[in-house]
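Undergrad: What follows is the file protein.tsv, containing TSV, C-alpha atoms (C1' of nucleotides) and all ligand atoms:
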chain	number	residue	atom	x	y	z
Q	1283	MET	CA	0.00	0.00	0.00
Q	1284	GLN	CA	1.28	3.42	-0.92
Q	1285	SER	CA	0.78	6.72	0.76
Q	1286	PRO	CA	-2.48	8.38	-0.23
Q	1287	GLU	CA	-0.54	11.16	-1.90
Q	1288	ALA	CA	0.94	8.71	-4.39
Q	1289	ASP	CA	-2.46	7.71	-5.74
Q	1290	GLN	CA	-2.48	8.56	-9.41
Q	1291	SER	CA	-6.15	8.45	-10.29
Q	1292	HIS	CA	-6.76	11.37	-7.96
Q	1293	SER	CA	-3.52	13.09	-7.31
Q	1294	ARG	CA	-3.29	16.67	-6.28
Q	1295	ALA	CA	-2.20	17.48	-9.83
Q	1296	THR	CA	-5.09	15.72	-11.54
Q	1297	LEU	CA	-7.66	17.39	-9.37
Q	1298	THR	CA	-6.07	20.79	-9.67
Q	1299	LEU	CA	-6.06	20.44	-13.42
Q	1300	ALA	CA	-9.71	19.48	-13.46
Q	1301	VAL	CA	-10.61	22.50	-11.37
Q	1302	SER	CA	-8.60	24.76	-13.62
Q	1303	ARG	CA	-10.04	23.24	-16.79
Q	1304	ALA	CA	-13.51	23.91	-15.46
Q	1305	GLY	CA	-12.64	27.58	-15.53
Q	1306	PHE	CA	-11.84	28.10	-11.86
Q	1307	ARG	CA	-8.73	29.82	-10.65
Q	1308	ILE	CA	-6.16	27.89	-8.67
Q	1309	THR	CA	-5.67	29.57	-5.35
Q	1310	ASP	CA	-3.86	28.71	-2.15
Q	1311	ALA	CA	-7.17	28.01	-0.46
Q	1312	ARG	CA	-8.24	25.64	-3.20
Q	1313	ARG	CA	-4.95	23.80	-3.18
Q	1314	ALA	CA	-5.15	23.46	0.58
Q	1315	ILE	CA	-8.67	22.11	0.52
Q	1316	ILE	CA	-7.81	19.61	-2.19
Q	1317	ASP	CA	-4.98	18.40	0.01
Q	1318	LEU	CA	-7.24	18.09	3.01
Q	1319	ILE	CA	-9.67	16.00	1.02
Q	1320	LEU	CA	-6.97	13.79	-0.47
Q	1321	THR	CA	-5.60	12.91	2.93
Q	1322	ARG	CA	-9.06	11.88	4.11
Q	1323	ASP	CA	-10.05	8.26	4.05
Q	1324	GLY	CA	-13.74	7.50	3.82
Q	1325	ALA	CA	-16.74	9.72	4.28
Q	1326	PHE	CA	-16.10	13.16	5.67
Q	1327	ASP	CA	-17.95	16.19	6.73
Q	1328	SER	CA	-17.58	19.90	6.21
Q	1329	SER	CA	-16.78	20.10	9.90
Q	1330	ASP	CA	-14.10	17.43	9.50
Q	1331	LEU	CA	-12.34	19.56	6.94
Q	1332	ILE	CA	-12.70	22.66	9.06
Q	1333	ALA	CA	-11.19	20.82	12.01
Q	1334	ASP	CA	-8.37	19.43	9.84
Q	1335	ALA	CA	-7.59	22.90	8.57
Q	1336	ARG	CA	-7.53	24.35	12.04
Q	1337	ARG	CA	-5.31	21.52	13.22
Q	1338	ARG	CA	-2.84	22.21	10.44
Q	1339	LYS	CA	-3.09	25.91	11.17
Q	1340	LEU	CA	-4.21	26.68	7.64
Q	1341	VAL	CA	-5.97	29.97	7.11
Q	1342	VAL	CA	-9.02	28.85	5.18
Q	1343	GLY	CA	-12.40	30.37	5.82
Q	1344	ARG	CA	-15.38	28.21	6.59
Q	1345	ALA	CA	-17.29	29.64	3.68
Q	1346	THR	CA	-14.47	28.82	1.30
Q	1347	ILE	CA	-14.59	25.18	2.33
Q	1348	PHE	CA	-18.32	25.02	1.64
Q	1349	ARG	CA	-17.80	26.74	-1.69
Q	1350	MET	CA	-15.06	24.33	-2.69
Q	1351	LEU	CA	-17.12	21.31	-1.70
Q	1352	ASP	CA	-19.79	22.55	-4.10
Q	1353	VAL	CA	-17.28	22.98	-6.88
Q	1354	LEU	CA	-15.78	19.55	-6.42
Q	1355	ALA	CA	-19.18	17.94	-6.20
Q	1356	ASP	CA	-20.17	19.58	-9.47
Q	1357	LEU	CA	-16.99	18.30	-11.07
Q	1358	GLY	CA	-17.77	14.80	-9.84
Q	1359	ALA	CA	-14.60	14.57	-7.78
Q	1360	ILE	CA	-16.61	14.02	-4.64
Q	1361	GLU	CA	-20.19	13.02	-4.02
Q	1362	ARG	CA	-22.60	14.24	-1.44
Q	1363	ILE	CA	-24.04	11.34	0.49
Q	1364	ASP	CA	-26.39	11.08	3.38
Q	1365	LEU	CA	-25.42	8.98	6.33
Q	1366	PRO	CA	-28.19	6.88	7.88
Q	1367	ASN	CA	-28.41	9.35	10.75
Q	1368	GLY	CA	-29.24	12.10	8.30
Q	1369	ALA	CA	-25.90	13.87	8.38
Q	1370	HIS	CA	-24.55	15.24	5.12
Q	1371	SER	CA	-21.17	13.89	4.16
Q	1372	TYR	CA	-18.92	13.58	1.17
Q	1373	VAL	CA	-16.89	10.77	-0.30
Q	1374	ARG	CA	-14.15	10.98	-2.84
Q	1375	CYS	CA	-15.06	9.44	-6.19
Q	1376	LEU	CA	-12.24	7.39	-7.64
Q	1377	GLY	CA	-13.53	6.75	-11.14
Q	1378	SER	CA	-15.41	9.12	-13.34
Q	1379	ARG	CA	-17.99	6.63	-14.60
Q	1380	HIS	CA	-21.41	6.44	-12.99
Q	1381	HIS	CA	-21.16	4.53	-9.75
Q	1382	HIS	CA	-22.38	4.44	-6.18
Q	1383	HIS	CA	-20.84	4.36	-2.75
Q	1384	LEU	CA	-20.60	1.80	-0.03
Q	1385	VAL	CA	-19.88	3.26	3.37
Q	1386	CYS	CA	-18.84	1.45	6.54
Q	1387	THR	CA	-21.23	2.34	9.32
Q	1388	ASN	CA	-18.47	1.76	11.79
Q	1389	CYS	CA	-15.39	3.54	10.44
Q	1390	GLN	CA	-16.84	5.60	7.55
Q	1391	ARG	CA	-14.41	4.09	5.07
Q	1392	SER	CA	-15.97	3.92	1.65
Q	1393	SER	CA	-15.68	1.99	-1.59
Q	1394	ASP	CA	-16.96	2.82	-5.01
Q	1395	VAL	CA	-19.23	0.20	-6.53
Q	1396	GLU	CA	-20.33	-0.18	-10.12
Q	1397	ASP	CA	-23.92	0.62	-10.90
Q	1398	GLY	CA	-24.23	-2.93	-12.21
Q	1399	GLY	CA	-27.35	-2.50	-14.29
Q	1400	ILE	CA	-29.32	-0.69	-11.63
Q	1401	ALA	CA	-29.50	2.42	-13.76
Q	1402	ASP	CA	-31.55	0.62	-16.41
Q	1403	LEU	CA	-33.65	-1.13	-13.83
Q	1404	VAL	CA	-34.69	2.07	-12.11
Q	1405	VAL	CA	-35.52	3.80	-15.36
Q	1406	ALA	CA	-37.90	0.95	-16.11
Q	1407	MET	CA	-39.39	1.08	-12.61
Q	1408	ALA	CA	-40.01	4.79	-12.95
Q	1409	GLN	CA	-41.48	4.33	-16.39
Q	1410	SER	CA	-44.01	1.84	-15.14
Q	1411	ALA	CA	-45.21	4.48	-12.69
Q	1412	GLY	CA	-45.46	6.97	-15.54
Q	1413	TYR	CA	-42.47	9.03	-14.46
Q	1414	VAL	CA	-39.57	10.13	-16.62
Q	1415	LEU	CA	-36.52	9.42	-14.50
Q	1416	GLU	CA	-33.96	12.19	-14.19
Q	1417	HIS	CA	-31.65	11.08	-11.47
Q	1418	HIS	CA	-31.22	8.31	-8.93
Q	1419	ARG	CA	-29.29	7.99	-5.74
Q	1420	LEU	CA	-28.20	4.69	-4.27
Q	1421	GLU	CA	-26.27	4.53	-1.04
Q	1422	LEU	CA	-25.07	1.33	0.59
Q	1423	PHE	CA	-24.20	0.97	4.24
Q	1424	GLY	CA	-22.50	-1.96	5.86
Q	1425	ILE	CA	-19.44	-3.18	7.70
Q	1426	CYS	CA	-16.13	-3.06	5.93
Q	1427	PRO	CA	-13.74	-6.01	5.92
Q	1428	SER	CA	-11.39	-4.56	8.50
Q	1429	CYS	CA	-14.19	-3.68	10.91
Q	1430	GLN	CA	-15.60	-7.19	10.55
Q	1431	GLY	CA	-12.31	-8.64	11.69
Q	1432	ARG	CA	-12.12	-6.30	14.61
Q	1433	SER	CA	-15.61	-7.11	15.87
Q	1434	ARG	CA	-14.85	-10.83	15.92
Q	1435	ASP	CA	-12.33	-10.21	18.71
Q	1436	LYS	CA	-15.01	-9.04	21.05
H	1023	MET	CA	-59.91	9.03	-7.18
H	1024	GLN	CA	-61.06	9.51	-3.60
H	1025	SER	CA	-60.21	12.13	-1.06
H	1026	PRO	CA	-56.95	11.43	0.72
H	1027	GLU	CA	-58.81	10.93	3.98
H	1028	ALA	CA	-60.69	7.99	2.54
H	1029	ASP	CA	-57.54	6.02	1.88
H	1030	GLN	CA	-57.77	2.84	3.87
H	1031	SER	CA	-54.19	1.64	3.93
H	1032	HIS	CA	-53.21	4.71	5.90
H	1033	SER	CA	-56.25	6.16	7.52
H	1034	ARG	CA	-56.08	8.26	10.63
H	1035	ALA	CA	-57.33	5.24	12.56
H	1036	THR	CA	-54.75	2.80	11.24
H	1037	LEU	CA	-51.90	5.12	11.97
H	1038	THR	CA	-53.17	6.00	15.40
H	1039	LEU	CA	-53.48	2.34	16.22
H	1040	ALA	CA	-49.95	1.66	15.06
H	1041	VAL	CA	-48.61	4.46	17.22
H	1042	SER	CA	-50.56	3.21	20.20
H	1043	ARG	CA	-49.53	-0.40	19.64
H	1044	ALA	CA	-45.90	0.70	19.60
H	1045	GLY	CA	-46.41	1.86	23.17
H	1046	PHE	CA	-46.90	5.55	22.59
H	1047	ARG	CA	-49.76	7.53	24.08
H	1048	ILE	CA	-52.35	9.06	21.82
H	1049	THR	CA	-52.47	12.78	22.42
H	1050	ASP	CA	-54.12	15.74	20.74
H	1051	ALA	CA	-50.78	16.82	19.35
H	1052	ARG	CA	-50.11	13.41	17.85
H	1053	ARG	CA	-53.56	13.20	16.33
H	1054	ALA	CA	-53.13	16.64	14.85
H	1055	ILE	CA	-49.76	15.84	13.34
H	1056	ILE	CA	-51.05	12.61	11.85
H	1057	ASP	CA	-53.81	14.61	10.24
H	1058	LEU	CA	-51.37	17.14	8.88
H	1059	ILE	CA	-49.31	14.39	7.32
H	1060	LEU	CA	-52.30	12.58	5.87
H	1061	THR	CA	-53.51	15.68	4.11
H	1062	ARG	CA	-50.09	16.18	2.53
H	1063	ASP	CA	-49.45	14.96	-0.97
H	1064	GLY	CA	-45.89	14.15	-1.88
H	1065	ALA	CA	-42.66	14.96	-0.13
H	1066	PHE	CA	-42.86	17.36	2.76
H	1067	ASP	CA	-40.64	19.08	5.20
H	1068	SER	CA	-40.69	19.70	8.91
H	1069	SER	CA	-41.21	23.34	8.04
H	1070	ASP	CA	-44.15	22.45	5.80
H	1071	LEU	CA	-45.88	20.81	8.73
H	1072	ILE	CA	-45.07	23.70	11.00
H	1073	ALA	CA	-46.54	26.11	8.47
H	1074	ASP	CA	-49.62	23.92	8.00
H	1075	ALA	CA	-50.17	23.82	11.73
H	1076	ARG	CA	-49.84	27.55	12.04
H	1077	ARG	CA	-52.23	28.05	9.16
H	1078	ARG	CA	-54.83	25.85	10.82
H	1079	LYS	CA	-54.17	27.63	14.09
H	1080	LEU	CA	-53.24	24.41	15.83
H	1081	VAL	CA	-51.21	24.74	18.97
H	1082	VAL	CA	-48.42	22.27	18.30
H	1083	GLY	CA	-44.88	22.98	19.32
H	1084	ARG	CA	-42.07	22.77	16.84
H	1085	ALA	CA	-40.24	20.22	18.95
H	1086	THR	CA	-43.31	18.00	19.05
H	1087	ILE	CA	-43.43	17.88	15.29
H	1088	PHE	CA	-39.82	16.81	15.11
H	1089	ARG	CA	-40.41	14.21	17.79
H	1090	MET	CA	-43.43	12.81	15.97
H	1091	LEU	CA	-41.59	12.65	12.67
H	1092	ASP	CA	-39.00	10.49	14.39
H	1093	VAL	CA	-41.65	8.21	15.82
H	1094	LEU	CA	-43.43	7.77	12.51
H	1095	ALA	CA	-40.19	7.17	10.69
H	1096	ASP	CA	-39.28	4.46	13.18
H	1097	LEU	CA	-42.67	2.86	12.67
H	1098	GLY	CA	-42.14	2.93	8.93
H	1099	ALA	CA	-45.17	5.12	8.30
H	1100	ILE	CA	-43.01	7.75	6.67
H	1101	GLU	CA	-39.52	7.71	5.28
H	1102	ARG	CA	-36.82	10.28	5.46
H	1103	ILE	CA	-35.54	11.12	2.02
H	1104	ASP	CA	-33.03	13.55	0.69
H	1105	LEU	CA	-34.00	15.80	-2.14
H	1106	PRO	CA	-31.37	16.35	-4.84
H	1107	ASN	CA	-30.67	19.81	-3.43
H	1108	GLY	CA	-29.73	18.24	-0.11
H	1109	ALA	CA	-32.86	19.18	1.81
H	1110	HIS	CA	-34.26	16.65	4.24
H	1111	SER	CA	-37.85	15.64	3.54
H	1112	TYR	CA	-40.32	12.95	4.32
H	1113	VAL	CA	-42.73	10.91	2.25
H	1114	ARG	CA	-45.62	8.82	3.41
H	1115	CYS	CA	-45.14	5.08	2.92
H	1116	LEU	CA	-48.25	3.40	1.64
H	1117	GLY	CA	-47.33	-0.24	2.03
H	1118	SER	CA	-45.36	-1.79	4.81
H	1119	ARG	CA	-43.16	-4.01	2.65
H	1120	HIS	CA	-39.67	-2.89	1.73
H	1121	HIS	CA	-39.87	-0.35	-1.07
H	1122	HIS	CA	-38.41	2.88	-2.35
H	1123	HIS	CA	-39.68	6.28	-3.37
H	1124	LEU	CA	-39.97	8.10	-6.61
H	1125	VAL	CA	-40.29	11.85	-6.23
H	1126	CYS	CA	-41.28	14.42	-8.84
H	1127	THR	CA	-38.61	17.07	-9.04
H	1128	ASN	CA	-41.23	19.55	-10.14
H	1129	CYS	CA	-44.19	19.10	-7.80
H	1130	GLN	CA	-42.75	16.83	-5.08
H	1131	ARG	CA	-45.50	14.28	-5.57
H	1132	SER	CA	-44.22	10.82	-4.77
H	1133	SER	CA	-44.95	7.21	-5.58
H	1134	ASP	CA	-43.85	4.07	-3.85
H	1135	VAL	CA	-41.98	1.62	-6.04
H	1136	GLU	CA	-41.18	-2.02	-5.38
H	1137	ASP	CA	-37.60	-2.86	-4.65
H	1138	GLY	CA	-37.73	-5.21	-7.63
H	1139	GLY	CA	-34.75	-7.38	-6.80
H	1140	ILE	CA	-32.42	-4.51	-6.05
H	1141	ALA	CA	-32.08	-5.61	-2.45
H	1142	ASP	CA	-30.46	-8.88	-3.51
H	1143	LEU	CA	-28.34	-7.17	-6.11
H	1144	VAL	CA	-26.85	-4.69	-3.69
H	1145	VAL	CA	-26.10	-7.34	-1.11
H	1146	ALA	CA	-24.09	-9.14	-3.75
H	1147	MET	CA	-22.33	-5.96	-4.82
H	1148	ALA	CA	-21.37	-5.19	-1.25
H	1149	GLN	CA	-20.20	-8.75	-0.73
H	1150	SER	CA	-17.86	-8.57	-3.66
H	1151	ALA	CA	-16.22	-5.58	-2.01
H	1152	GLY	CA	-15.93	-7.57	1.21
H	1153	TYR	CA	-18.61	-5.60	3.06
H	1154	VAL	CA	-21.54	-7.03	4.98
H	1155	LEU	CA	-24.48	-4.92	3.89
H	1156	GLU	CA	-26.71	-3.55	6.60
H	1157	HIS	CA	-28.91	-1.06	4.88
H	1158	HIS	CA	-29.45	0.55	1.52
H	1159	ARG	CA	-31.15	3.69	0.36
H	1160	LEU	CA	-32.45	4.19	-3.13
H	1161	GLU	CA	-34.15	7.40	-4.15
H	1162	LEU	CA	-35.54	8.10	-7.59
H	1163	PHE	CA	-36.17	11.55	-8.99
H	1164	GLY	CA	-38.04	12.38	-12.15
H	1165	ILE	CA	-41.05	14.06	-13.65
H	1166	CYS	CA	-44.46	12.76	-12.74
H	1167	PRO	CA	-47.15	12.12	-15.37
H	1168	SER	CA	-49.13	15.23	-14.59
H	1169	CYS	CA	-46.08	17.51	-14.72
H	1170	GLN	CA	-45.07	15.97	-18.05
H	1171	GLY	CA	-48.42	16.96	-19.51
H	1172	ARG	CA	-48.14	20.46	-18.18
H	1173	SER	CA	-44.67	21.04	-19.60
H	1174	ARG	CA	-45.80	20.04	-23.08
H	1175	ASP	CA	-47.97	23.17	-23.19
H	1176	LYS	CA	-44.98	25.44	-23.00
E	330	DC	C1'	4.36	44.48	-14.35
E	331	DG	C1'	-0.76	46.21	-14.69
E	332	DT	C1'	-5.50	45.25	-15.11
E	333	DC	C1'	-9.69	43.39	-13.59
E	334	DA	C1'	-12.75	39.96	-12.44
E	335	DA	C1'	-12.79	35.95	-9.55
E	336	DT	C1'	-11.96	34.70	-5.07
E	337	DT	C1'	-11.00	35.26	-0.38
E	338	DG	C1'	-11.88	35.38	5.03
E	339	DA	C1'	-14.58	37.48	8.50
E	340	DG	C1'	-18.54	37.79	10.51
E	341	DA	C1'	-23.53	38.47	10.40
E	342	DC	C1'	-27.33	35.87	9.38
E	343	DA	C1'	-31.14	32.21	8.55
E	344	DC	C1'	-32.64	28.08	9.75
E	345	DA	C1'	-32.87	23.00	11.20
E	346	DG	C1'	-32.89	20.21	14.83
E	347	DT	C1'	-31.93	19.26	19.97
E	348	DC	C1'	-32.45	19.85	24.78
E	349	DT	C1'	-34.31	21.27	29.21
E	350	DC	C1'	-37.90	22.10	32.14
E	351	DG	C1'	-42.09	22.85	34.61
E	352	DA	C1'	-46.98	22.04	33.43
E	353	DC	C1'	-50.18	18.74	31.91
E	354	DA	C1'	-52.93	14.77	30.79
E	355	DA	C1'	-53.25	9.69	28.96
E	356	DG	C1'	-53.95	5.53	30.49
E	357	DC	C1'	-54.31	2.36	34.08
E	358	DG	C1'	-55.59	0.18	38.37
E	359	DG	C1'	-58.45	0.65	42.03
A	528	DC	C1'	-65.38	7.46	38.15
A	529	DC	C1'	-60.99	9.03	40.37
A	530	DG	C1'	-56.35	9.61	41.42
A	531	DC	C1'	-51.51	8.35	40.35
A	532	DT	C1'	-47.69	7.70	37.55
A	533	DT	C1'	-45.15	8.78	34.00
A	534	DG	C1'	-45.01	9.90	29.18
A	535	DT	C1'	-45.69	13.88	26.66
A	536	DC	C1'	-46.37	18.71	26.00
A	537	DG	C1'	-45.00	23.68	24.44
A	538	DA	C1'	-41.81	27.38	25.10
A	539	DG	C1'	-37.72	28.97	24.47
A	540	DA	C1'	-32.71	28.57	24.91
A	541	DC	C1'	-29.18	26.55	22.47
A	542	DT	C1'	-26.00	24.23	18.85
A	543	DG	C1'	-24.32	23.60	14.55
A	544	DT	C1'	-24.81	23.85	9.37
A	545	DG	C1'	-24.82	26.35	5.53
A	546	DT	C1'	-25.54	31.06	3.16
A	547	DC	C1'	-24.71	35.80	2.28
A	548	DT	C1'	-22.39	40.28	2.11
A	549	DC	C1'	-18.54	42.98	1.63
A	550	DA	C1'	-14.12	45.03	1.44
A	551	DA	C1'	-9.52	43.36	0.58
A	552	DT	C1'	-6.73	40.31	-2.09
A	553	DT	C1'	-4.83	37.80	-5.81
A	554	DG	C1'	-4.85	34.79	-9.97
A	555	DA	C1'	-4.59	34.83	-14.97
A	556	DC	C1'	-3.65	36.89	-18.99
A	557	DG	C1'	-1.51	40.04	-21.88
Q	1501	ZN	ZN	-15.12	-0.05	8.79
Q	1502	ZN	ZN	-26.76	4.12	-10.60
Q	1503	ZN	ZN	-44.95	16.47	-10.69
Q	1504	ZN	ZN	-34.44	-1.84	-1.61
Could I get this file's structure written as structure tokens?
Ligand SMILES: [Zn+2]
Ligand SMILES: [Zn+2]
Ligand SMILES: [Zn+2]
Ligand SMILES: [Zn+2]
TA:
Amino acid sequence: MQSPEADQSHSRATLTLAVSRAGFRITDARRAIIDLILTRDGAFDSSDLIADARRRKLVVGRATIFRMLDVLADLGAIERIDLPNGAHSYVRCLGSRHHHHLVCTNCQRSSDVEDGGIADLVVAMAQSAGYVLEHHRLELFGICPSCQGRSRDK
Amino acid sequence: MQSPEADQSHSRATLTLAVSRAGFRITDARRAIIDLILTRDGAFDSSDLIADARRRKLVVGRATIFRMLDVLADLGAIERIDLPNGAHSYVRCLGSRHHHHLVCTNCQRSSDVEDGGIADLVVAMAQSAGYVLEHHRLELFGICPSCQGRSRDK
DNA sequence: CGTCAATTGAGACACAGTCTCGACAAGCGG
DNA sequence: CCGCTTGTCGAGACTGTGTCTCAATTGACG
């Protein structure tokens, strides 16, 4: 396993480029927030990032973090998900193809999963109710491999 | 089509009974909130109910509405869903079997849809990532039949 | 470099949802 | 039918999330 920074599918550079290509300027704040997100593992919160920033003594306004989360969500670099308790969180998206997220209810770690034909299925379901489907959201919650092992010890 | 009050699967009486059977007392506030919910069509908000109550000059505290929404969600009479814009809403559940909701992005009307084998599919998907699935959430957003007709006029 | 619009951080704000608390009343057993 | 017990109530304080405004700053481009 390599350090998170060495990941190539979502390196600092790749993300920065994507942001720039989308017509946004590259600023210190944006670079910092991208770093904060890249060093996160699993689902995170706006308040997680704010705490991380404070811990690292970065000068990044709260509002800027919210703004950047919006930008990255629009670019598809992260996705807004809703934890079972109703809290809003984000997960990093590794691929760019349509997919969904599987989140560990214990440690918040997350994996991307293929849509696996669900997209077609739900369009058909909607159609049979007379709706024209625009968008679907599928979120999976369970226990990740490493948390399963840990609970066996108990 | 009958008036919403005449619906038998979720009449005032059925819901009240369910609440009572679950060990909760039947109070004026609870009856009132059940009524408010039953006269709602489609996805609604805590603030919708609060506004409805105020409009009808009912004396029901804000906190009580939140508390009752929790109770009804636990009983499976309503489900918490997340609109695409991130807002928390609720929809009434008509059946008691496992199902999902289809919400019109234009008028908020909602329909229940069968799970249609998705439950099994997602368990398998999670398994192949090594997770033990606990819970899944599927939300469908589209345009309902009546809003489709209306947009054609434009 | 100089220009200029995009972006920033600070802080006020709007609002959802929670909590506490004394008053009240549902439901039960007598 | 009447009290008792205890769950529930409404009011209002409180917490935390997310938005907005605004003056100051700073990227990007030439
Ligand atoms: Zn885990
Ligand atoms: Zn999908
Ligand atoms: Zn509609
Ligand atoms: Zn399902």
Undergrad: Taking all atoms listed in the file into account, find every residue of chain E that has an atom no more than 9 Å from chain H, and write it out as a PyMOL selection string.
TA: chain E and resi 345-347+354-356
Undergrad: Using the selection just defined, write its residues with C-alpha atoms (C1' of nucleotides) as a tab-separated table (two decimals), in the coordinates of the input.
TA:
chain	number	residue	atom	x	y	z
E	345	DA	C1'	-32.87	23.00	11.20
E	346	DG	C1'	-32.89	20.21	14.83
E	347	DT	C1'	-31.93	19.26	19.97
E	354	DA	C1'	-52.93	14.77	30.79
E	355	DA	C1'	-53.25	9.69	28.96
E	356	DG	C1'	-53.95	5.53	30.49
Undergrad: Could you state the separation of CA of Cys1169 (chain H) and CA of Gln1409 (chain Q) in Å, given to one decimal place?
TA: 14.1 Å
Undergrad: What does the distance between CA of Gly1305 (chain Q) and CA of Leu1357 (chain Q) come to in Å, to one decimal place?
TA: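 CA of Leu1357 (chain Q) lies 11.2 Å from CA of Gly1305 (chain Q).
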Undergrad: State, in Å with one decimal place, the distance from CA of Gln1130 (chain H) to CA of Glu1396 (chain Q).
TA: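 Computing it gives 28.6 Å between the two atoms.
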Undergrad: Can I get the residues close to ligand ZN 1504 (chain Q) as a PyMOL selection string, where close means within 9 Å and we count all atoms listed in the file?
TA: chain H and resi 1120-1122+1136-1142+1144+1157-1160
Undergrad: Please identify every polymer residue within 12 Å of ligand ZN 1501 (chain Q), using only C-alpha atoms (C1' of nucleotides) and all ligand atoms, and present the set as a CSV table (one decimal) with C-alpha atoms, keeping the file's coordinate frame.
TA:
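Below is the file part.csv, written as the result:
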chain,number,residue,atom,x,y,z
Q,1323,ASP,CA,-10.0,8.3,4.0
Q,1324,GLY,CA,-13.7,7.5,3.8
Q,1325,ALA,CA,-16.7,9.7,4.3
Q,1384,LEU,CA,-20.6,1.8,0.0
Q,1385,VAL,CA,-19.9,3.3,3.4
Q,1386,CYS,CA,-18.8,1.4,6.5
Q,1387,THR,CA,-21.2,2.3,9.3
Q,1388,ASN,CA,-18.5,1.8,11.8
Q,1389,CYS,CA,-15.4,3.5,10.4
Q,1390,GLN,CA,-16.8,5.6,7.6
Q,1391,ARG,CA,-14.4,4.1,5.1
Q,1392,SER,CA,-16.0,3.9,1.6
Q,1393,SER,CA,-15.7,2.0,-1.6
Q,1423,PHE,CA,-24.2,1.0,4.2
Q,1424,GLY,CA,-22.5,-2.0,5.9
Q,1425,ILE,CA,-19.4,-3.2,7.7
Q,1426,CYS,CA,-16.1,-3.1,5.9
Q,1427,PRO,CA,-13.7,-6.0,5.9
Q,1428,SER,CA,-11.4,-4.6,8.5
Q,1429,CYS,CA,-14.2,-3.7,10.9
Q,1430,GLN,CA,-15.6,-7.2,10.6
Q,1431,GLY,CA,-12.3,-8.6,11.7
Q,1432,ARG,CA,-12.1,-6.3,14.6
Q,1433,SER,CA,-15.6,-7.1,15.9
H,1152,GLY,CA,-15.9,-7.6,1.2
H,1153,TYR,CA,-18.6,-5.6,3.1
H,1154,VAL,CA,-21.5,-7.0,5.0
H,1155,LEU,CA,-24.5,-4.9,3.9
Undergrad: With all atoms listed in the file as the basis for distance, which of Q:Ala1355, Q:Val1395, Q:Ile1363, Q:Ala1311 is at the shortest distance from chain A?
TA: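 Smallest distance to chain A is found for Q:Ala1311.
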Undergrad: Within 8 Å of region 1333-1340 of chain Q, counting only C-alpha atoms (C1' of nucleotides), which residues qualify if same-chain residues fewer than 2 places away don't, as JSON, numbers by chain?
TA: {"Q": [1314, 1318, 1329, 1330, 1331, 1342]}
Undergrad: Could you please tell me, as an MDAnalysis selection string, which residues of chain A have an atom within 9 Å of chain Q when using only C-alpha atoms (C1' of nucleotides)?
TA: chainID A and resid 544:546 553:555
Undergrad: Taking (-27.9, 23.5, 23.8) in the file's coordinates, which residues come within 6 Å, counting all atoms listed in the file, written as a PDB file with C-alpha atoms (C1' of nucleotides), in the frame of the given file?
TA:
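Result went into point.pdb, see below:
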ATOM      1  C1'  DC E 348     -32.450  19.850  24.780  1.00  0.00           C
TER       2       DC E 348
ATOM      3  C1'  DC A 541     -29.180  26.550  22.470  1.00  0.00           C
ATOM      4  C1'  DT A 542     -26.000  24.230  18.850  1.00  0.00           C
TER       5       DT A 542
END
Undergrad: Rank Q:Ser1302, Q:Asn1367, Q:Thr1321, Q:Thr1296 by their smallest atom-to-atom distance to chain H, using only C-alpha atoms, and report the top residue only.
TA: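 The closest residue to chain H is Q:Asn1367.
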Undergrad: Which of these, Q:Arg1303, Q:Arg1362, Q:Arg1312, Q:Arg1374, has the shortest distance to chain H once you count all atoms listed in the file?
TA: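 Among the listed residues, the smallest separation from chain H belongs to Q:Arg1362.
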Undergrad: Which one of Q:Leu1403, Q:Leu1376, Q:Leu1299, Q:Met1350 sits closest to ligand ZN 1502 (chain Q) if you count all atoms listed in the file?
TA: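 Looking only at the distances to ligand ZN 1502 (chain Q), the closest residue turns out to be Q:Leu1403.
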